[in-house]
file entry19.pdb (PDB, N, CA and C atoms)
ATOM      1  N   MET A   1    -112.163  -3.883 -24.825
ATOM      2  CA  MET A   1    -110.932  -3.454 -25.451
ATOM      3  C   MET A   1    -110.985  -3.682 -26.960
ATOM      4  N   ALA A   2    -111.636  -2.799 -27.629
ATOM      5  CA  ALA A   2    -111.816  -2.922 -29.074
ATOM      6  C   ALA A   2    -110.475  -2.922 -29.818
ATOM      7  N   ALA A   3    -109.518  -2.125 -29.338
ATOM      8  CA  ALA A   3    -108.220  -2.060 -30.016
ATOM      9  C   ALA A   3    -107.520  -3.412 -29.994
ATOM     10  N   LEU A   4    -107.519  -4.078 -28.852
ATOM     11  CA  LEU A   4    -106.858  -5.380 -28.758
ATOM     12  C   LEU A   4    -107.585  -6.435 -29.580
ATOM     13  N   ASP A   5    -108.894  -6.327 -29.648
ATOM     14  CA  ASP A   5    -109.657  -7.249 -30.493
ATOM     15  C   ASP A   5    -109.242  -7.093 -31.956
ATOM     16  N   LEU A   6    -109.186  -5.872 -32.426
ATOM     17  CA  LEU A   6    -108.802  -5.626 -33.824
ATOM     18  C   LEU A   6    -107.361  -6.056 -34.078
ATOM     19  N   LEU A   7    -106.455  -5.688 -33.189
ATOM     20  CA  LEU A   7    -105.033  -6.007 -33.390
ATOM     21  C   LEU A   7    -104.748  -7.491 -33.271
ATOM     22  N   GLY A   8    -105.628  -8.221 -32.608
ATOM     23  CA  GLY A   8    -105.459  -9.659 -32.474
ATOM     24  C   GLY A   8    -105.949 -10.451 -33.669
ATOM     25  N   ARG A   9    -106.591  -9.791 -34.589
ATOM     26  CA  ARG A   9    -107.085 -10.497 -35.778
ATOM     27  C   ARG A   9    -105.934 -10.818 -36.713
ATOM     28  N   ARG A  10    -106.084 -11.920 -37.415
ATOM     29  CA  ARG A  10    -105.027 -12.424 -38.306
ATOM     30  C   ARG A  10    -104.533 -11.339 -39.259
ATOM     31  N   GLY A  11    -103.252 -11.052 -39.178
ATOM     32  CA  GLY A  11    -102.605 -10.143 -40.114
ATOM     33  C   GLY A  11    -102.668  -8.669 -39.755
ATOM     34  N   ALA A  12    -103.471  -8.259 -38.784
ATOM     35  CA  ALA A  12    -103.627  -6.828 -38.491
ATOM     36  C   ALA A  12    -102.296  -6.192 -38.067
ATOM     37  N   LEU A  13    -101.637  -6.778 -37.092
ATOM     38  CA  LEU A  13    -100.355  -6.223 -36.649
ATOM     39  C   LEU A  13     -99.292  -6.327 -37.735
ATOM     40  N   SER A  14     -99.314  -7.413 -38.463
ATOM     41  CA  SER A  14     -98.341  -7.582 -39.547
ATOM     42  C   SER A  14     -98.473  -6.480 -40.585
ATOM     43  N   ILE A  15     -99.691  -6.097 -40.878
ATOM     44  CA  ILE A  15     -99.926  -5.017 -41.847
ATOM     45  C   ILE A  15     -99.361  -3.711 -41.314
ATOM     46  N   LEU A  16     -99.658  -3.399 -40.054
ATOM     47  CA  LEU A  16     -99.158  -2.156 -39.470
ATOM     48  C   LEU A  16     -97.637  -2.120 -39.454
ATOM     49  N   VAL A  17     -97.021  -3.227 -39.065
ATOM     50  CA  VAL A  17     -95.550  -3.283 -39.027
ATOM     51  C   VAL A  17     -94.975  -3.161 -40.440
ATOM     52  N   ALA A  18     -95.616  -3.803 -41.413
ATOM     53  CA  ALA A  18     -95.136  -3.733 -42.802
ATOM     54  C   ALA A  18     -95.217  -2.315 -43.353
ATOM     55  N   LEU A  19     -96.142  -1.516 -42.846
ATOM     56  CA  LEU A  19     -96.294  -0.137 -43.321
ATOM     57  C   LEU A  19     -95.409   0.842 -42.569
ATOM     58  N   GLN A  20     -94.728   0.379 -41.533
ATOM     59  CA  GLN A  20     -93.911   1.266 -40.709
ATOM     60  C   GLN A  20     -92.830   2.000 -41.503
ATOM     61  N   PRO A  21     -92.063   1.323 -42.329
ATOM     62  CA  PRO A  21     -90.984   2.070 -42.984
ATOM     63  C   PRO A  21     -91.468   2.988 -44.095
ATOM     64  N   GLU A  22     -92.510   2.581 -44.807
ATOM     65  CA  GLU A  22     -92.986   3.381 -45.949
ATOM     66  C   GLU A  22     -94.321   2.836 -46.448
ATOM     67  N   PRO A  23     -95.022   3.641 -47.241
ATOM     68  CA  PRO A  23     -96.288   3.153 -47.815
ATOM     69  C   PRO A  23     -96.055   1.906 -48.670
ATOM     70  N   SER A  24     -97.110   1.155 -48.886
ATOM     71  CA  SER A  24     -96.995  -0.088 -49.640
ATOM     72  C   SER A  24     -98.267  -0.343 -50.433
ATOM     73  N   THR A  25     -98.104  -0.998 -51.556
ATOM     74  CA  THR A  25     -99.255  -1.368 -52.371
ATOM     75  C   THR A  25     -99.913  -2.628 -51.823
ATOM     76  N   PHE A  26    -101.110  -2.887 -52.285
ATOM     77  CA  PHE A  26    -101.828  -4.092 -51.874
ATOM     78  C   PHE A  26    -101.003  -5.329 -52.193
ATOM     79  N   ARG A  27    -100.468  -5.383 -53.386
ATOM     80  CA  ARG A  27     -99.695  -6.547 -53.843
ATOM     81  C   ARG A  27     -98.469  -6.794 -52.962
ATOM     82  N   ALA A  28     -97.762  -5.717 -52.644
ATOM     83  CA  ALA A  28     -96.577  -5.844 -51.800
ATOM     84  C   ALA A  28     -96.959  -6.285 -50.388
ATOM     85  N   LEU A  29     -98.073  -5.780 -49.883
ATOM     86  CA  LEU A  29     -98.523  -6.165 -48.544
ATOM     87  C   LEU A  29     -98.877  -7.643 -48.467
ATOM     88  N   GLN A  30     -99.336  -8.221 -49.556
ATOM     89  CA  GLN A  30     -99.645  -9.650 -49.545
ATOM     90  C   GLN A  30     -98.418 -10.469 -49.161
ATOM     91  N   THR A  31     -97.255 -10.002 -49.535
ATOM     92  CA  THR A  31     -96.017 -10.709 -49.223
ATOM     93  C   THR A  31     -95.421 -10.251 -47.904
ATOM     94  N   THR A  32     -95.289  -8.934 -47.720
ATOM     95  CA  THR A  32     -94.600  -8.420 -46.538
ATOM     96  C   THR A  32     -95.413  -8.558 -45.259
ATOM     97  N   ALA A  33     -96.703  -8.720 -45.366
ATOM     98  CA  ALA A  33     -97.549  -8.827 -44.168
ATOM     99  C   ALA A  33     -97.889 -10.278 -43.848
ATOM    100  N   GLY A  34     -97.055 -11.196 -44.262
ATOM    101  CA  GLY A  34     -97.239 -12.582 -43.856
ATOM    102  C   GLY A  34     -98.016 -13.448 -44.815
ATOM    103  N   ASP A  35     -97.913 -13.178 -46.089
ATOM    104  CA  ASP A  35     -98.578 -14.010 -47.104
ATOM    105  C   ASP A  35    -100.075 -14.188 -46.824
ATOM    106  N   LEU A  36    -100.756 -13.095 -46.571
ATOM    107  CA  LEU A  36    -102.197 -13.136 -46.332
ATOM    108  C   LEU A  36    -102.938 -13.363 -47.640
ATOM    109  N   SER A  37    -104.046 -14.050 -47.568
ATOM    110  CA  SER A  37    -104.879 -14.199 -48.761
ATOM    111  C   SER A  37    -105.434 -12.830 -49.132
ATOM    112  N   ALA A  38    -105.822 -12.673 -50.373
ATOM    113  CA  ALA A  38    -106.369 -11.398 -50.834
ATOM    114  C   ALA A  38    -107.610 -11.006 -50.044
ATOM    115  N   SER A  39    -108.461 -11.962 -49.751
ATOM    116  CA  SER A  39    -109.698 -11.627 -49.025
ATOM    117  C   SER A  39    -109.402 -11.212 -47.583
ATOM    118  N   THR A  40    -108.472 -11.896 -46.922
ATOM    119  CA  THR A  40    -108.111 -11.518 -45.546
ATOM    120  C   THR A  40    -107.451 -10.153 -45.528
ATOM    121  N   LEU A  41    -106.549  -9.919 -46.467
ATOM    122  CA  LEU A  41    -105.876  -8.626 -46.535
ATOM    123  C   LEU A  41    -106.888  -7.507 -46.792
ATOM    124  N   ASN A  42    -107.805  -7.724 -47.722
ATOM    125  CA  ASN A  42    -108.844  -6.723 -47.993
ATOM    126  C   ASN A  42    -109.653  -6.407 -46.746
ATOM    127  N   THR A  43    -110.042  -7.441 -46.029
ATOM    128  CA  THR A  43    -110.834  -7.259 -44.815
ATOM    129  C   THR A  43    -110.068  -6.456 -43.781
ATOM    130  N   ARG A  44    -108.808  -6.839 -43.526
ATOM    131  CA  ARG A  44    -108.010  -6.123 -42.525
ATOM    132  C   ARG A  44    -107.744  -4.686 -42.939
ATOM    133  N   LEU A  45    -107.438  -4.455 -44.198
ATOM    134  CA  LEU A  45    -107.212  -3.080 -44.653
ATOM    135  C   LEU A  45    -108.467  -2.237 -44.451
ATOM    136  N   ARG A  46    -109.603  -2.794 -44.763
ATOM    137  CA  ARG A  46    -110.873  -2.079 -44.586
ATOM    138  C   ARG A  46    -111.091  -1.760 -43.105
ATOM    139  N   GLU A  47    -110.832  -2.737 -42.225
ATOM    140  CA  GLU A  47    -111.009  -2.526 -40.787
ATOM    141  C   GLU A  47    -110.029  -1.476 -40.246
ATOM    142  N   LEU A  48    -108.775  -1.569 -40.651
ATOM    143  CA  LEU A  48    -107.767  -0.626 -40.170
ATOM    144  C   LEU A  48    -108.016   0.787 -40.687
ATOM    145  N   ARG A  49    -108.521   0.899 -41.898
ATOM    146  CA  ARG A  49    -108.891   2.218 -42.439
ATOM    147  C   ARG A  49    -110.097   2.776 -41.706
ATOM    148  N   ALA A  50    -111.057   1.915 -41.384
ATOM    149  CA  ALA A  50    -112.289   2.366 -40.729
ATOM    150  C   ALA A  50    -112.021   2.973 -39.350
ATOM    151  N   VAL A  51    -111.005   2.478 -38.652
ATOM    152  CA  VAL A  51    -110.694   3.010 -37.324
ATOM    153  C   VAL A  51    -109.579   4.053 -37.362
ATOM    154  N   GLY A  52    -109.096   4.379 -38.554
ATOM    155  CA  GLY A  52    -108.130   5.462 -38.697
ATOM    156  C   GLY A  52    -106.687   5.120 -38.407
ATOM    157  N   LEU A  53    -106.320   3.836 -38.449
ATOM    158  CA  LEU A  53    -104.922   3.467 -38.225
ATOM    159  C   LEU A  53    -104.096   3.494 -39.495
ATOM    160  N   ILE A  54    -104.742   3.338 -40.631
ATOM    161  CA  ILE A  54    -104.054   3.461 -41.924
ATOM    162  C   ILE A  54    -104.909   4.312 -42.850
ATOM    163  N   ALA A  55    -104.279   4.768 -43.918
ATOM    164  CA  ALA A  55    -104.971   5.555 -44.944
ATOM    165  C   ALA A  55    -104.461   5.097 -46.297
ATOM    166  N   LYS A  56    -105.207   5.410 -47.322
ATOM    167  CA  LYS A  56    -104.767   5.110 -48.682
ATOM    168  C   LYS A  56    -104.302   6.413 -49.308
ATOM    169  N   GLY A  57    -103.015   6.443 -49.647
ATOM    170  CA  GLY A  57    -102.429   7.642 -50.233
ATOM    171  C   GLY A  57    -102.035   7.418 -51.677
ATOM    172  N   ASP A  58    -101.290   8.347 -52.215
ATOM    173  CA  ASP A  58    -100.848   8.271 -53.615
ATOM    174  C   ASP A  58     -99.917   7.089 -53.868
ATOM    175  N   ASN A  59     -99.180   6.667 -52.847
ATOM    176  CA  ASN A  59     -98.205   5.579 -52.998
ATOM    177  C   ASN A  59     -98.693   4.263 -52.405
ATOM    178  N   GLY A  60     -99.986   4.149 -52.187
ATOM    179  CA  GLY A  60    -100.548   2.928 -51.616
ATOM    180  C   GLY A  60    -101.040   3.175 -50.202
ATOM    181  N   TYR A  61    -101.037   2.142 -49.412
ATOM    182  CA  TYR A  61    -101.492   2.238 -48.025
ATOM    183  C   TYR A  61    -100.359   2.762 -47.159
ATOM    184  N   GLU A  62    -100.719   3.552 -46.143
ATOM    185  CA  GLU A  62     -99.719   4.127 -45.253
ATOM    186  C   GLU A  62    -100.296   4.260 -43.852
ATOM    187  N   LEU A  63     -99.408   4.341 -42.881
ATOM    188  CA  LEU A  63     -99.842   4.547 -41.506
ATOM    189  C   LEU A  63    -100.394   5.960 -41.352
ATOM    190  N   SER A  64    -101.461   6.092 -40.599
ATOM    191  CA  SER A  64    -101.953   7.410 -40.220
ATOM    192  C   SER A  64    -101.144   7.878 -39.019
ATOM    193  N   GLU A  65    -101.429   9.065 -38.509
ATOM    194  CA  GLU A  65    -100.754   9.535 -37.296
ATOM    195  C   GLU A  65    -101.022   8.581 -36.140
ATOM    196  N   ASP A  66    -102.276   8.143 -36.008
ATOM    197  CA  ASP A  66    -102.608   7.200 -34.936
ATOM    198  C   ASP A  66    -101.919   5.855 -35.135
ATOM    199  N   GLY A  67    -101.816   5.405 -36.375
ATOM    200  CA  GLY A  67    -101.130   4.148 -36.657
ATOM    201  C   GLY A  67     -99.655   4.228 -36.318
ATOM    202  N   ALA A  68     -99.025   5.354 -36.669
ATOM    203  CA  ALA A  68     -97.607   5.544 -36.349
ATOM    204  C   ALA A  68     -97.413   5.625 -34.835
ATOM    205  N   ALA A  69     -98.346   6.270 -34.131
ATOM    206  CA  ALA A  69     -98.264   6.359 -32.672
ATOM    207  C   ALA A  69     -98.406   4.973 -32.041
ATOM    208  N   LEU A  70     -99.281   4.159 -32.605
ATOM    209  CA  LEU A  70     -99.455   2.791 -32.101
ATOM    210  C   LEU A  70     -98.172   1.984 -32.269
ATOM    211  N   ILE A  71     -97.549   2.066 -33.430
ATOM    212  CA  ILE A  71     -96.292   1.342 -33.672
ATOM    213  C   ILE A  71     -95.209   1.837 -32.724
ATOM    214  N   GLU A  72     -95.130   3.149 -32.527
ATOM    215  CA  GLU A  72     -94.135   3.704 -31.614
ATOM    216  C   GLU A  72     -94.364   3.196 -30.192
ATOM    217  N   ALA A  73     -95.616   3.171 -29.762
ATOM    218  CA  ALA A  73     -95.935   2.693 -28.411
ATOM    219  C   ALA A  73     -95.623   1.199 -28.270
ATOM    220  N   GLY A  74     -95.783   0.446 -29.340
ATOM    221  CA  GLY A  74     -95.549  -0.988 -29.295
ATOM    222  C   GLY A  74     -94.137  -1.407 -29.623
ATOM    223  N   GLN A  75     -93.257  -0.441 -29.929
ATOM    224  CA  GLN A  75     -91.893  -0.779 -30.342
ATOM    225  C   GLN A  75     -91.142  -1.619 -29.318
ATOM    226  N   PRO A  76     -91.254  -1.348 -28.022
ATOM    227  CA  PRO A  76     -90.562  -2.229 -27.067
ATOM    228  C   PRO A  76     -91.025  -3.687 -27.174
ATOM    229  N   LEU A  77     -92.303  -3.905 -27.376
ATOM    230  CA  LEU A  77     -92.805  -5.271 -27.533
ATOM    231  C   LEU A  77     -92.284  -5.897 -28.826
ATOM    232  N   LEU A  78     -92.244  -5.124 -29.901
ATOM    233  CA  LEU A  78     -91.709  -5.634 -31.173
ATOM    234  C   LEU A  78     -90.236  -5.998 -31.025
ATOM    235  N   ASN A  79     -89.476  -5.171 -30.312
ATOM    236  CA  ASN A  79     -88.053  -5.465 -30.079
ATOM    237  C   ASN A  79     -87.884  -6.749 -29.279
ATOM    238  N   TRP A  80     -88.687  -6.908 -28.226
ATOM    239  CA  TRP A  80     -88.626  -8.118 -27.418
ATOM    240  C   TRP A  80     -88.971  -9.347 -28.266
ATOM    241  N   ALA A  81     -90.017  -9.244 -29.080
ATOM    242  CA  ALA A  81     -90.442 -10.373 -29.909
ATOM    243  C   ALA A  81     -89.346 -10.787 -30.889
ATOM    244  N   ALA A  82     -88.647  -9.815 -31.463
ATOM    245  CA  ALA A  82     -87.557 -10.128 -32.393
ATOM    246  C   ALA A  82     -86.414 -10.835 -31.672
ATOM    247  N   ALA A  83     -86.067 -10.360 -30.482
ATOM    248  CA  ALA A  83     -84.993 -10.998 -29.711
ATOM    249  C   ALA A  83     -85.398 -12.410 -29.283
ATOM    250  N   TRP A  84     -86.635 -12.586 -28.883
ATOM    251  CA  TRP A  84     -87.141 -13.896 -28.478
ATOM    252  C   TRP A  84     -87.097 -14.877 -29.645
ATOM    253  N   ALA A  85     -87.498 -14.424 -30.820
ATOM    254  CA  ALA A  85     -87.461 -15.284 -32.005
ATOM    255  C   ALA A  85     -86.032 -15.709 -32.325
ATOM    256  N   GLU A  86     -85.072 -14.787 -32.171
ATOM    257  CA  GLU A  86     -83.666 -15.134 -32.404
ATOM    258  C   GLU A  86     -83.191 -16.188 -31.409
ATOM    259  N   GLN A  87     -83.608 -16.064 -30.159
ATOM    260  CA  GLN A  87     -83.228 -17.052 -29.141
ATOM    261  C   GLN A  87     -83.788 -18.427 -29.494
ATOM    262  N   LEU A  88     -85.032 -18.465 -29.919
ATOM    263  CA  LEU A  88     -85.629 -19.745 -30.302
ATOM    264  C   LEU A  88     -84.886 -20.375 -31.469
ATOM    265  N   THR A  89     -84.544 -19.547 -32.438
ATOM    266  CA  THR A  89     -83.825 -20.042 -33.610
ATOM    267  C   THR A  89     -82.449 -20.565 -33.207
ATOM    268  N   ALA A  90     -81.794 -19.867 -32.301
ATOM    269  CA  ALA A  90     -80.443 -20.254 -31.871
ATOM    270  C   ALA A  90     -80.425 -21.617 -31.202
ATOM    271  N   VAL A  91     -81.494 -21.979 -30.521
ATOM    272  CA  VAL A  91     -81.536 -23.275 -29.843
ATOM    273  C   VAL A  91     -82.296 -24.318 -30.656
ATOM    274  N   GLY A  92     -82.621 -23.968 -31.882
ATOM    275  CA  GLY A  92     -83.295 -24.919 -32.753
ATOM    276  C   GLY A  92     -84.772 -25.040 -32.496
ATOM    277  N   GLY A  93     -85.318 -24.131 -31.739
ATOM    278  CA  GLY A  93     -86.760 -24.162 -31.449
ATOM    279  C   GLY A  93     -87.558 -23.470 -32.521
ATOM    280  N   GLU A  94     -88.806 -23.750 -32.508
ATOM    281  CA  GLU A  94     -89.693 -23.121 -33.481
ATOM    282  C   GLU A  94     -91.048 -22.959 -32.825
ATOM    283  N   TYR A  95     -91.684 -21.856 -33.080
ATOM    284  CA  TYR A  95     -93.007 -21.622 -32.509
ATOM    285  C   TYR A  95     -93.934 -21.176 -33.607
ATOM    286  N   GLU A  96     -94.998 -21.904 -33.776
ATOM    287  CA  GLU A  96     -95.995 -21.543 -34.783
ATOM    288  C   GLU A  96     -97.363 -21.548 -34.148
ATOM    289  N   LEU A  97     -98.142 -20.542 -34.508
ATOM    290  CA  LEU A  97     -99.522 -20.508 -34.049
ATOM    291  C   LEU A  97    -100.344 -21.470 -34.874
ATOM    292  N   SER A  98    -101.245 -22.156 -34.235
ATOM    293  CA  SER A  98    -102.101 -23.078 -34.983
ATOM    294  C   SER A  98    -103.523 -22.581 -35.003
TER     295      SER A  98
END
call {"tool": "encode", "arguments": {"input": "entry19.pdb", "output": "structure tokens"}}
result
Amino acid sequence: MAALDLLGRRGALSILVALQPEPSTFRALQTTAGDLSASTLNTRLRELRAVGLIAKGDNGYELSEDGAALIEAGQPLLNWAAAWAEQLTAVGGEYELS
């Protein structure tokens, strides 16, 4: 499952989600995609471009058709994750990956 391997890498999903509403510059992605280091962000952008999930356009990086389809297919999971995070916050819980 090459797709799951790529999407499981640090920052990959965050980058795709950050590009969902509109294209973004490298600098903006450093903040909106989870404060990734420049080297990690560069690596992920290169990987995501290589498999055709994002492209570099006139306004920065943007989702390709396949990238937009992936986000659309994953939207139920993203919705669940947002609701779950709110529940954790409401009860004073916190979950961090180590």
call {"tool": "atom_distance", "arguments": {"input": "entry19.pdb", "atom1": "CA of Glu22 (chain A)", "atom2": "CA of Ala69 (chain A)"}}
result
14.6 Å
call {"tool": "select_by_dssp", "arguments": {"input": "entry19.pdb", "residues": "chain A", "states": "alpha helix (DSSP H)", "output": "number ranges by chain"}}
result
A: 2-7, 12-18, 26-32, 38-50, 65-90
call {"tool": "resolve_selection", "arguments": {"input": "entry19.pdb", "expression": "the PyMOL selection byres (((chain A and resi 29-39 and name CA) around 8) and name CA)", "output": "PDB file with N, CA and C atoms, in the coordinates of the input"}}
result
ATOM      1  N   GLY A  11    -103.252 -11.052 -39.178  1.00  0.00           N
ATOM      2  CA  GLY A  11    -102.605 -10.143 -40.114  1.00  0.00           C
ATOM      3  C   GLY A  11    -102.668  -8.669 -39.755  1.00  0.00           C
ATOM      4  N   SER A  14     -99.314  -7.413 -38.463  1.00  0.00           N
ATOM      5  CA  SER A  14     -98.341  -7.582 -39.547  1.00  0.00           C
ATOM      6  C   SER A  14     -98.473  -6.480 -40.585  1.00  0.00           C
ATOM      7  N   ILE A  15     -99.691  -6.097 -40.878  1.00  0.00           N
ATOM      8  CA  ILE A  15     -99.926  -5.017 -41.847  1.00  0.00           C
ATOM      9  C   ILE A  15     -99.361  -3.711 -41.314  1.00  0.00           C
ATOM     10  N   VAL A  17     -97.021  -3.227 -39.065  1.00  0.00           N
ATOM     11  CA  VAL A  17     -95.550  -3.283 -39.027  1.00  0.00           C
ATOM     12  C   VAL A  17     -94.975  -3.161 -40.440  1.00  0.00           C
ATOM     13  N   ALA A  18     -95.616  -3.803 -41.413  1.00  0.00           N
ATOM     14  CA  ALA A  18     -95.136  -3.733 -42.802  1.00  0.00           C
ATOM     15  C   ALA A  18     -95.217  -2.315 -43.353  1.00  0.00           C
ATOM     16  N   SER A  24     -97.110   1.155 -48.886  1.00  0.00           N
ATOM     17  CA  SER A  24     -96.995  -0.088 -49.640  1.00  0.00           C
ATOM     18  C   SER A  24     -98.267  -0.343 -50.433  1.00  0.00           C
ATOM     19  N   THR A  25     -98.104  -0.998 -51.556  1.00  0.00           N
ATOM     20  CA  THR A  25     -99.255  -1.368 -52.371  1.00  0.00           C
ATOM     21  C   THR A  25     -99.913  -2.628 -51.823  1.00  0.00           C
ATOM     22  N   PHE A  26    -101.110  -2.887 -52.285  1.00  0.00           N
ATOM     23  CA  PHE A  26    -101.828  -4.092 -51.874  1.00  0.00           C
ATOM     24  C   PHE A  26    -101.003  -5.329 -52.193  1.00  0.00           C
ATOM     25  N   ARG A  27    -100.468  -5.383 -53.386  1.00  0.00           N
ATOM     26  CA  ARG A  27     -99.695  -6.547 -53.843  1.00  0.00           C
ATOM     27  C   ARG A  27     -98.469  -6.794 -52.962  1.00  0.00           C
ATOM     28  N   ALA A  28     -97.762  -5.717 -52.644  1.00  0.00           N
ATOM     29  CA  ALA A  28     -96.577  -5.844 -51.800  1.00  0.00           C
ATOM     30  C   ALA A  28     -96.959  -6.285 -50.388  1.00  0.00           C
ATOM     31  N   THR A  40    -108.472 -11.896 -46.922  1.00  0.00           N
ATOM     32  CA  THR A  40    -108.111 -11.518 -45.546  1.00  0.00           C
ATOM     33  C   THR A  40    -107.451 -10.153 -45.528  1.00  0.00           C
ATOM     34  N   LEU A  41    -106.549  -9.919 -46.467  1.00  0.00           N
ATOM     35  CA  LEU A  41    -105.876  -8.626 -46.535  1.00  0.00           C
ATOM     36  C   LEU A  41    -106.888  -7.507 -46.792  1.00  0.00           C
ATOM     37  N   ASN A  42    -107.805  -7.724 -47.722  1.00  0.00           N
ATOM     38  CA  ASN A  42    -108.844  -6.723 -47.993  1.00  0.00           C
ATOM     39  C   ASN A  42    -109.653  -6.407 -46.746  1.00  0.00           C
ATOM     40  N   THR A  43    -110.042  -7.441 -46.029  1.00  0.00           N
ATOM     41  CA  THR A  43    -110.834  -7.259 -44.815  1.00  0.00           C
ATOM     42  C   THR A  43    -110.068  -6.456 -43.781  1.00  0.00           C
TER      43      THR A  43
END
call {"tool": "atom_distance", "arguments": {"input": "entry19.pdb", "atom1": "atom C of Leu6 (chain A)", "atom2": "CA of Pro21 (chain A)"}}
result
20.3 Å
call {"tool": "select_by_dssp", "arguments": {"input": "entry19.pdb", "residues": "region 45-96 of chain A", "states": "strand (DSSP E)", "output": "list in words"}}
result
Ile54, Ala55, Lys56, Gly57, Gly60, Tyr61, Glu62 and Leu63 of chain A
call {"tool": "atom_distance", "arguments": {"input": "entry19.pdb", "atom1": "atom C of Leu53 (chain A)", "atom2": "CA of Glu86 (chain A)"}}
result
28.5 Å
call {"tool": "closest_residue", "arguments": {"input": "entry19.pdb", "among": "A:Val91, A:Ala73, A:Leu16, A:Val51", "to": "Ala2 (chain A)", "atoms": "only C-alpha atoms"}}
result
A:Val51
call {"tool": "residues_around", "arguments": {"input": "entry19.pdb", "residues": "Ser64 (chain A)", "least_positions_apart": "3", "cutoff": "5 Å", "atoms": "only N, CA and C atoms", "output": "PDB file with N, CA and C atoms, keeping the file's coordinate frame"}}
result
ATOM      1  N   LEU A  53    -106.320   3.836 -38.449  1.00  0.00           N
ATOM      2  CA  LEU A  53    -104.922   3.467 -38.225  1.00  0.00           C
ATOM      3  C   LEU A  53    -104.096   3.494 -39.495  1.00  0.00           C
ATOM      4  N   ILE A  54    -104.742   3.338 -40.631  1.00  0.00           N
ATOM      5  CA  ILE A  54    -104.054   3.461 -41.924  1.00  0.00           C
ATOM      6  C   ILE A  54    -104.909   4.312 -42.850  1.00  0.00           C
ATOM      7  N   ALA A  55    -104.279   4.768 -43.918  1.00  0.00           N
ATOM      8  CA  ALA A  55    -104.971   5.555 -44.944  1.00  0.00           C
ATOM      9  C   ALA A  55    -104.461   5.097 -46.297  1.00  0.00           C
ATOM     10  N   GLY A  67    -101.816   5.405 -36.375  1.00  0.00           N
ATOM     11  CA  GLY A  67    -101.130   4.148 -36.657  1.00  0.00           C
ATOM     12  C   GLY A  67     -99.655   4.228 -36.318  1.00  0.00           C
ATOM     13  N   ALA A  68     -99.025   5.354 -36.669  1.00  0.00           N
ATOM     14  CA  ALA A  68     -97.607   5.544 -36.349  1.00  0.00           C
ATOM     15  C   ALA A  68     -97.413   5.625 -34.835  1.00  0.00           C
TER      16      ALA A  68
END
call {"tool": "closest_residue", "arguments": {"input": "entry19.pdb", "among": "A:Trp80, A:Glu72, A:Leu19, A:Glu47", "to": "Leu7 (chain A)", "atoms": "only C-alpha atoms"}}
result
A:Glu47
call {"tool": "build_atoms", "arguments": {"input": "entry19.pdb", "residues": "region 16-20 of chain A", "atoms": "all heavy atoms", "output": "short mmCIF file (atom, residue, chain, number, x, y, z; two decimals), keeping the file's coordinate frame"}}
result
data_model
loop_
_atom_site.label_atom_id
_atom_site.label_comp_id
_atom_site.auth_asym_id
_atom_site.auth_seq_id
_atom_site.Cartn_x
_atom_site.Cartn_y
_atom_site.Cartn_z
N LEU A 16 -99.66 -3.40 -40.05
CA LEU A 16 -99.16 -2.16 -39.47
C LEU A 16 -97.64 -2.12 -39.45
O LEU A 16 -97.03 -1.11 -39.80
CB LEU A 16 -99.72 -1.98 -38.06
CG LEU A 16 -101.23 -1.76 -37.98
CD1 LEU A 16 -101.70 -1.81 -36.53
CD2 LEU A 16 -101.64 -0.46 -38.64
N VAL A 17 -97.02 -3.23 -39.06
CA VAL A 17 -95.55 -3.28 -39.03
C VAL A 17 -94.98 -3.16 -40.44
O VAL A 17 -93.98 -2.47 -40.65
CB VAL A 17 -95.07 -4.57 -38.32
CG1 VAL A 17 -93.57 -4.77 -38.49
CG2 VAL A 17 -95.46 -4.54 -36.85
N ALA A 18 -95.62 -3.80 -41.41
CA ALA A 18 -95.14 -3.73 -42.80
C ALA A 18 -95.22 -2.32 -43.35
O ALA A 18 -94.42 -1.94 -44.22
CB ALA A 18 -95.94 -4.69 -43.68
N LEU A 19 -96.14 -1.52 -42.85
CA LEU A 19 -96.29 -0.14 -43.32
C LEU A 19 -95.41 0.84 -42.57
O LEU A 19 -95.35 2.02 -42.93
CB LEU A 19 -97.76 0.31 -43.20
CG LEU A 19 -98.73 -0.40 -44.13
CD1 LEU A 19 -100.16 0.02 -43.81
CD2 LEU A 19 -98.39 -0.11 -45.58
N GLN A 20 -94.73 0.38 -41.53
CA GLN A 20 -93.91 1.27 -40.71
C GLN A 20 -92.83 2.00 -41.50
O GLN A 20 -92.71 3.21 -41.37
CB GLN A 20 -93.29 0.50 -39.55
CG GLN A 20 -92.46 1.37 -38.65
CD GLN A 20 -91.75 0.58 -37.58
OE1 GLN A 20 -91.66 -0.64 -37.64
NE2 GLN A 20 -91.22 1.27 -36.60
#
